[in-house]
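The data block below is start22.pdb; it holds PDB, C-alpha atoms.
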MODEL        1
ATOM      1  CA  MET A  35     -12.948  18.207 -25.779
ATOM      2  CA  ASN A  36     -12.302  20.789 -23.070
ATOM      3  CA  THR A  37      -9.636  20.521 -20.373
ATOM      4  CA  GLY A  38     -12.178  20.094 -17.567
ATOM      5  CA  LEU A  39     -13.541  16.926 -19.135
ATOM      6  CA  VAL A  40     -10.030  15.585 -19.724
ATOM      7  CA  LEU A  41      -9.132  16.244 -16.081
ATOM      8  CA  ASP A  42     -12.305  14.489 -14.928
ATOM      9  CA  LEU A  43     -11.535  11.440 -17.069
ATOM     10  CA  VAL A  44      -7.957  11.303 -15.782
ATOM     11  CA  LEU A  45      -9.186  11.537 -12.187
ATOM     12  CA  VAL A  46     -11.673   8.702 -12.744
ATOM     13  CA  LEU A  47      -9.022   6.473 -14.312
ATOM     14  CA  VAL A  48      -6.499   7.220 -11.559
ATOM     15  CA  LEU A  49      -9.146   6.640  -8.877
ATOM     16  CA  LEU A  50     -10.103   3.270 -10.367
ATOM     17  CA  TRP A  51      -6.475   2.201 -10.802
ATOM     18  CA  VAL A  52      -5.403   3.215  -7.278
ATOM     19  CA  GLY A  53      -8.474   1.558  -5.758
ATOM     20  CA  TRP A  54      -7.831  -1.664  -7.660
ATOM     21  CA  ALA A  55      -4.133  -1.624  -6.738
ATOM     22  CA  ALA A  56      -4.919  -1.031  -3.047
ATOM     23  CA  LEU A  57      -7.384  -3.912  -2.930
ATOM     24  CA  TRP A  58      -5.169  -6.400  -4.765
ATOM     25  CA  SER A  59      -1.846  -5.467  -3.184
ATOM     26  CA  ARG A  60      -0.153  -8.474  -1.605
ATOM     27  CA  ASP A  61       2.074  -6.285   0.586
ATOM     28  CA  LEU A  62       0.330  -4.739   3.588
ATOM     29  CA  PHE A  63       2.435  -1.558   3.672
ATOM     30  CA  ARG A  64       1.910  -0.962  -0.055
ATOM     31  CA  GLY A  65      -1.834  -1.467   0.421
ATOM     32  CA  ILE A  66      -1.916   1.117   3.199
ATOM     33  CA  VAL A  67       0.017   3.669   1.151
ATOM     34  CA  LEU A  68      -2.281   3.070  -1.821
ATOM     35  CA  PHE A  69      -5.300   3.490   0.473
ATOM     36  CA  ILE A  70      -3.955   6.893   1.525
ATOM     37  CA  ALA A  71      -3.375   7.815  -2.120
ATOM     38  CA  PHE A  72      -6.933   6.690  -2.917
ATOM     39  CA  GLY A  73      -8.288   9.035  -0.241
ATOM     40  CA  MET A  74      -6.300  11.955  -1.628
ATOM     41  CA  VAL A  75      -7.479  11.345  -5.197
ATOM     42  CA  LEU A  76     -11.040  10.964  -3.940
ATOM     43  CA  ALA A  77     -10.697  14.318  -2.169
ATOM     44  CA  LEU A  78      -9.733  15.859  -5.535
ATOM     45  CA  VAL A  79     -12.782  14.242  -7.128
ATOM     46  CA  TRP A  80     -15.066  15.748  -4.472
ATOM     47  CA  ILE A  81     -13.526  19.166  -5.090
ATOM     48  CA  ARG A  82     -14.074  18.786  -8.852
ATOM     49  CA  LEU A  83     -17.708  17.869  -8.140
ATOM     50  CA  GLY A  84     -18.182  21.175  -6.344
ATOM     51  CA  ALA A  85     -18.097  19.896  -2.776
ATOM     52  CA  PRO A  86     -14.902  21.292  -1.251
ATOM     53  CA  ASP A  87     -16.142  20.686   2.290
ATOM     54  CA  VAL A  88     -16.549  16.968   1.590
ATOM     55  CA  GLY A  89     -13.179  16.938  -0.180
ATOM     56  CA  LEU A  90     -11.469  18.526   2.796
ATOM     57  CA  ALA A  91     -13.139  16.072   5.178
ATOM     58  CA  GLU A  92     -12.071  13.154   2.961
ATOM     59  CA  ALA A  93      -8.482  14.380   2.891
ATOM     60  CA  ALA A  94      -8.342  14.981   6.646
ATOM     61  CA  ILE A  95     -10.266  11.969   7.914
ATOM     62  CA  GLY A  96     -10.230   9.421   5.112
ATOM     63  CA  ALA A  97      -6.622   9.774   4.028
ATOM     64  CA  GLY A  98      -4.954  11.569   6.923
ATOM     65  CA  LEU A  99      -6.353  10.207  10.168
ATOM     66  CA  THR A 100      -7.301   6.744   8.955
ATOM     67  CA  GLY A 101      -4.017   6.403   7.071
ATOM     68  CA  ALA A 102      -2.035   7.398  10.163
ATOM     69  CA  LEU A 103      -3.962   4.866  12.278
ATOM     70  CA  LEU A 104      -3.374   2.117   9.730
ATOM     71  CA  LEU A 105       0.348   2.918   9.580
ATOM     72  CA  ALA A 106       0.577   2.921  13.387
ATOM     73  CA  THR A 107      -1.175  -0.437  13.508
ATOM     74  CA  TRP A 108       1.125  -1.807  10.816
ATOM     75  CA  GLY A 109       4.107  -0.649  12.861
ATOM     76  CA  ALA A 110       2.801  -2.518  15.914
ATOM     77  CA  LEU A 111       2.455  -5.822  14.051
ATOM     78  CA  PRO A 112       5.088  -8.475  14.640
ATOM     79  CA  PRO A 113       7.758  -8.744  11.918
ATOM     80  CA  GLY A 114       6.738 -10.931   9.024
ATOM     81  CA  SER A 115       3.002 -10.421   9.343
ATOM     82  CA  GLY A 116       2.817  -7.802   6.591
ATOM     83  CA  THR A 117       3.076 -10.198   3.651
ATOM     84  CA  PRO A 118       0.909 -13.170   2.678
ATOM     85  CA  ASP A 119       3.716 -15.708   3.062
ATOM     86  CA  GLY A 120       4.671 -14.337   6.474
ATOM     87  CA  GLU A 121       8.096 -13.029   5.507
ATOM     88  CA  ASP A 122       9.099  -9.395   5.055
ATOM     89  CA  GLU A 123      12.116  -9.983   2.832
ATOM     90  CA  PRO A 124      12.665 -12.836   0.407
ATOM     91  CA  GLU A 125      15.499 -15.060   1.534
ATOM     92  CA  GLU A 126      18.505 -15.294  -0.720
ATOM     93  CA  ASP A 127      19.710 -18.769  -1.561
ATOM     94  CA  SER A 128      23.263 -19.152  -0.297
ATOM     95  CA  GLY A 129      23.767 -22.316  -2.293
ATOM     96  CA  GLN A 130      24.327 -24.432   0.827
ATOM     97  CA  GLU A 131      22.315 -27.479   1.643
ATOM     98  CA  ALA A 132      20.586 -27.803   4.985
ATOM     99  CA  GLY A 133      23.016 -29.068   7.598
ATOM    100  CA  GLU A 134      26.176 -27.886   5.836
ATOM    101  CA  THR A 135      28.501 -25.289   7.298
ATOM    102  CA  ALA A 136      30.356 -22.607   5.400
ATOM    103  CA  THR A 137      33.468 -24.832   5.238
ATOM    104  CA  GLY A 138      31.595 -27.535   3.403
ATOM    105  CA  GLY A 139      31.404 -29.992   6.272
ATOM    106  CA  SER A 140      28.351 -31.422   7.928
ATOM    107  CA  ASP A 141      26.968 -30.233  11.246
ATOM    108  CA  ALA A 142      26.300 -33.771  12.418
ATOM    109  CA  GLY A 143      29.546 -34.948  14.009
TER     110      GLY A 143
ENDMDL
END

Encoding of this model in structure tokens:
Amino acid sequence: MNTGLVLDLVLVLVLLWVGWAALWSRDLFRGIVLFIAFGMVLALVWIRLGAPDVGLAEAAIGAGLTGALLLATWGALPPGSGTPDGEDEPEEDSGQEAGETATGGSDAG
């Protein structure tokens, strides 16, 4: 088995894995970054197929420009809209019940 065939197989496996991970990512930012990575790997595939012009266009437009637009749009979204449950960070449980203050008393007079 020659090194060219091994490289082609690795590129196919990486392309499939990155594409699957980008589609099934539950975090919007992670999905965008994986989309950019998918475009870069796809550009390498086009170069290996003997089409460097298509590979360069894929890298510039598919990964670069589209990725930058997606990141700019993600940055303009309101906080909490980047995850399926609507929260950016998971809340830590402080161990206090609702209505209790830090001193252990109740808020209701």

Which value, in Å to one decimal, gives the distance between atom CA of A:Gly96 and atom CA of A:Val40?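 About the pair atom CA of A:Gly96 and atom CA of A:Val40: they are 25.6 Å apart.
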
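What separates atom CA of A:Leu57 from atom CA of A:Phe69 is a distance of 8.4 Å.
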
The residue from A:Ile66, A:Leu39, A:Leu104, A:Val46 with the smallest atom-to-atom distance to A:Trp80, counting only C-alpha atoms, is A:Val46

Shell around A:Leu50 at 12 Å using only C-alpha atoms, local window under 2 positions removed, as a ChimeraX atom specification: /A:43-48,52-57,68-69,71-73,75-76,79

Which residues fall under the PyMOL selection byres ((chain A and resi 90-95) around 9) in this file, as a compact mmCIF listing (two decimals) with C-alpha atoms, keeping the file's coordinate frame?
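Output file out01.txt follows:
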# COMPACT_ATOMS: atom_id res chain seq x y z
CA ILE A 70 -3.96 6.89 1.52
CA GLY A 73 -8.29 9.04 -0.24
CA MET A 74 -6.30 11.96 -1.63
CA VAL A 75 -7.48 11.34 -5.20
CA LEU A 76 -11.04 10.96 -3.94
CA ALA A 77 -10.70 14.32 -2.17
CA LEU A 78 -9.73 15.86 -5.54
CA TRP A 80 -15.07 15.75 -4.47
CA ILE A 81 -13.53 19.17 -5.09
CA ALA A 85 -18.10 19.90 -2.78
CA PRO A 86 -14.90 21.29 -1.25
CA ASP A 87 -16.14 20.69 2.29
CA VAL A 88 -16.55 16.97 1.59
CA GLY A 89 -13.18 16.94 -0.18
CA GLY A 96 -10.23 9.42 5.11
CA ALA A 97 -6.62 9.77 4.03
CA GLY A 98 -4.95 11.57 6.92
CA LEU A 99 -6.35 10.21 10.17
CA THR A 100 -7.30 6.74 8.96
CA GLY A 101 -4.02 6.40 7.07

Could you state the separation of atom CA of A:Leu103 and atom CA of A:Gly65 in Å, given to one decimal place?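 Separation of atom CA of A:Leu103 and atom CA of A:Gly65: 13.6 Å.
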
Put the listed atoms of stretch 92-110 of chain A in a box along x, y and z with 6 Å added on every side and give me the centre and edge lengths in Å to one decimal, as JSON.
{"center_x": -4.0, "center_y": 6.2, "center_z": 9.4, "size_x": 28.2, "size_y": 29.5, "size_z": 25.0}

With distances taken over all atoms listed in the file, the candidate from A:Leu41, A:Ala102, A:Met35, A:Leu62 nearest A:Leu83 is A:Leu41

Checklist entry - In terms of the shortest atom-to-atom distance over all atoms listed in the file, which of A:Thr37, A:Thr107, A:Ser115, A:Asp42 is closest to A:Asp61? => result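 Under the stated criterion, the closest residue is A:Ser115.
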
Provide stretch 82-109 of chain A rebuilt to N, CA and C atoms, formatted as a PDB file, in the frame of the given file.
ATOM      1  N   ARG A  82     -13.639  18.579  -7.467  1.00  0.00           N
ATOM      2  CA  ARG A  82     -14.074  18.786  -8.852  1.00  0.00           C
ATOM      3  C   ARG A  82     -15.596  18.712  -8.987  1.00  0.00           C
ATOM      4  N   LEU A  83     -16.252  17.964  -8.102  1.00  0.00           N
ATOM      5  CA  LEU A  83     -17.708  17.869  -8.140  1.00  0.00           C
ATOM      6  C   LEU A  83     -18.397  19.046  -7.468  1.00  0.00           C
ATOM      7  N   GLY A  84     -17.609  19.977  -6.944  1.00  0.00           N
ATOM      8  CA  GLY A  84     -18.182  21.175  -6.344  1.00  0.00           C
ATOM      9  C   GLY A  84     -18.505  21.033  -4.871  1.00  0.00           C
ATOM     10  N   ALA A  85     -17.864  20.089  -4.204  1.00  0.00           N
ATOM     11  CA  ALA A  85     -18.097  19.896  -2.776  1.00  0.00           C
ATOM     12  C   ALA A  85     -16.765  19.968  -2.030  1.00  0.00           C
ATOM     13  N   PRO A  86     -16.215  21.183  -1.901  1.00  0.00           N
ATOM     14  CA  PRO A  86     -14.902  21.292  -1.251  1.00  0.00           C
ATOM     15  C   PRO A  86     -14.926  20.918   0.227  1.00  0.00           C
ATOM     16  N   ASP A  87     -16.068  21.081   0.882  1.00  0.00           N
ATOM     17  CA  ASP A  87     -16.142  20.686   2.290  1.00  0.00           C
ATOM     18  C   ASP A  87     -16.015  19.170   2.445  1.00  0.00           C
ATOM     19  N   VAL A  88     -16.657  18.429   1.556  1.00  0.00           N
ATOM     20  CA  VAL A  88     -16.549  16.968   1.590  1.00  0.00           C
ATOM     21  C   VAL A  88     -15.132  16.541   1.192  1.00  0.00           C
ATOM     22  N   GLY A  89     -14.543  17.246   0.229  1.00  0.00           N
ATOM     23  CA  GLY A  89     -13.179  16.938  -0.180  1.00  0.00           C
ATOM     24  C   GLY A  89     -12.180  17.163   0.940  1.00  0.00           C
ATOM     25  N   LEU A  90     -12.362  18.243   1.673  1.00  0.00           N
ATOM     26  CA  LEU A  90     -11.469  18.526   2.796  1.00  0.00           C
ATOM     27  C   LEU A  90     -11.649  17.491   3.904  1.00  0.00           C
ATOM     28  N   ALA A  91     -12.893  17.099   4.168  1.00  0.00           N
ATOM     29  CA  ALA A  91     -13.139  16.072   5.178  1.00  0.00           C
ATOM     30  C   ALA A  91     -12.543  14.733   4.746  1.00  0.00           C
ATOM     31  N   GLU A  92     -12.653  14.403   3.471  1.00  0.00           N
ATOM     32  CA  GLU A  92     -12.071  13.154   2.961  1.00  0.00           C
ATOM     33  C   GLU A  92     -10.557  13.165   3.093  1.00  0.00           C
ATOM     34  N   ALA A  93      -9.936  14.288   2.783  1.00  0.00           N
ATOM     35  CA  ALA A  93      -8.482  14.380   2.891  1.00  0.00           C
ATOM     36  C   ALA A  93      -8.037  14.282   4.344  1.00  0.00           C
ATOM     37  N   ALA A  94      -8.749  14.957   5.241  1.00  0.00           N
ATOM     38  CA  ALA A  94      -8.342  14.981   6.646  1.00  0.00           C
ATOM     39  C   ALA A  94      -8.646  13.672   7.360  1.00  0.00           C
ATOM     40  N   ILE A  95      -9.850  13.155   7.174  1.00  0.00           N
ATOM     41  CA  ILE A  95     -10.266  11.969   7.914  1.00  0.00           C
ATOM     42  C   ILE A  95      -9.948  10.688   7.138  1.00  0.00           C
ATOM     43  N   GLY A  96     -10.394  10.641   5.900  1.00  0.00           N
ATOM     44  CA  GLY A  96     -10.230   9.421   5.112  1.00  0.00           C
ATOM     45  C   GLY A  96      -8.792   9.075   4.815  1.00  0.00           C
ATOM     46  N   ALA A  97      -8.015  10.049   4.365  1.00  0.00           N
ATOM     47  CA  ALA A  97      -6.622   9.774   4.028  1.00  0.00           C
ATOM     48  C   ALA A  97      -5.701  10.043   5.205  1.00  0.00           C
ATOM     49  N   GLY A  98      -5.881  11.179   5.864  1.00  0.00           N
ATOM     50  CA  GLY A  98      -4.954  11.569   6.923  1.00  0.00           C
ATOM     51  C   GLY A  98      -5.064  10.764   8.194  1.00  0.00           C
ATOM     52  N   LEU A  99      -6.191  10.864   8.867  1.00  0.00           N
ATOM     53  CA  LEU A  99      -6.353  10.207  10.168  1.00  0.00           C
ATOM     54  C   LEU A  99      -6.387   8.688  10.033  1.00  0.00           C
ATOM     55  N   THR A 100      -7.206   8.189   9.124  1.00  0.00           N
ATOM     56  CA  THR A 100      -7.301   6.744   8.955  1.00  0.00           C
ATOM     57  C   THR A 100      -5.978   6.168   8.466  1.00  0.00           C
ATOM     58  N   GLY A 101      -5.316   6.869   7.548  1.00  0.00           N
ATOM     59  CA  GLY A 101      -4.017   6.403   7.071  1.00  0.00           C
ATOM     60  C   GLY A 101      -2.978   6.362   8.180  1.00  0.00           C
ATOM     61  N   ALA A 102      -2.980   7.377   9.041  1.00  0.00           N
ATOM     62  CA  ALA A 102      -2.035   7.398  10.163  1.00  0.00           C
ATOM     63  C   ALA A 102      -2.324   6.254  11.137  1.00  0.00           C
ATOM     64  N   LEU A 103      -3.609   5.978  11.392  1.00  0.00           N
ATOM     65  CA  LEU A 103      -3.962   4.866  12.278  1.00  0.00           C
ATOM     66  C   LEU A 103      -3.566   3.517  11.673  1.00  0.00           C
ATOM     67  N   LEU A 104      -3.768   3.366  10.383  1.00  0.00           N
ATOM     68  CA  LEU A 104      -3.374   2.117   9.730  1.00  0.00           C
ATOM     69  C   LEU A 104      -1.859   1.935   9.760  1.00  0.00           C
ATOM     70  N   LEU A 105      -1.109   3.014   9.526  1.00  0.00           N
ATOM     71  CA  LEU A 105       0.348   2.918   9.580  1.00  0.00           C
ATOM     72  C   LEU A 105       0.829   2.619  10.995  1.00  0.00           C
ATOM     73  N   ALA A 106       0.196   3.210  12.002  1.00  0.00           N
ATOM     74  CA  ALA A 106       0.577   2.921  13.387  1.00  0.00           C
ATOM     75  C   ALA A 106       0.280   1.468  13.737  1.00  0.00           C
ATOM     76  N   THR A 107      -0.843   0.961  13.263  1.00  0.00           N
ATOM     77  CA  THR A 107      -1.175  -0.437  13.508  1.00  0.00           C
ATOM     78  C   THR A 107      -0.206  -1.357  12.788  1.00  0.00           C
ATOM     79  N   TRP A 108       0.151  -1.011  11.559  1.00  0.00           N
ATOM     80  CA  TRP A 108       1.125  -1.807  10.816  1.00  0.00           C
ATOM     81  C   TRP A 108       2.466  -1.831  11.536  1.00  0.00           C
ATOM     82  N   GLY A 109       2.854  -0.713  12.128  1.00  0.00           N
ATOM     83  CA  GLY A 109       4.107  -0.649  12.861  1.00  0.00           C
ATOM     84  C   GLY A 109       4.090  -1.493  14.127  1.00  0.00           C
TER      85      GLY A 109
END
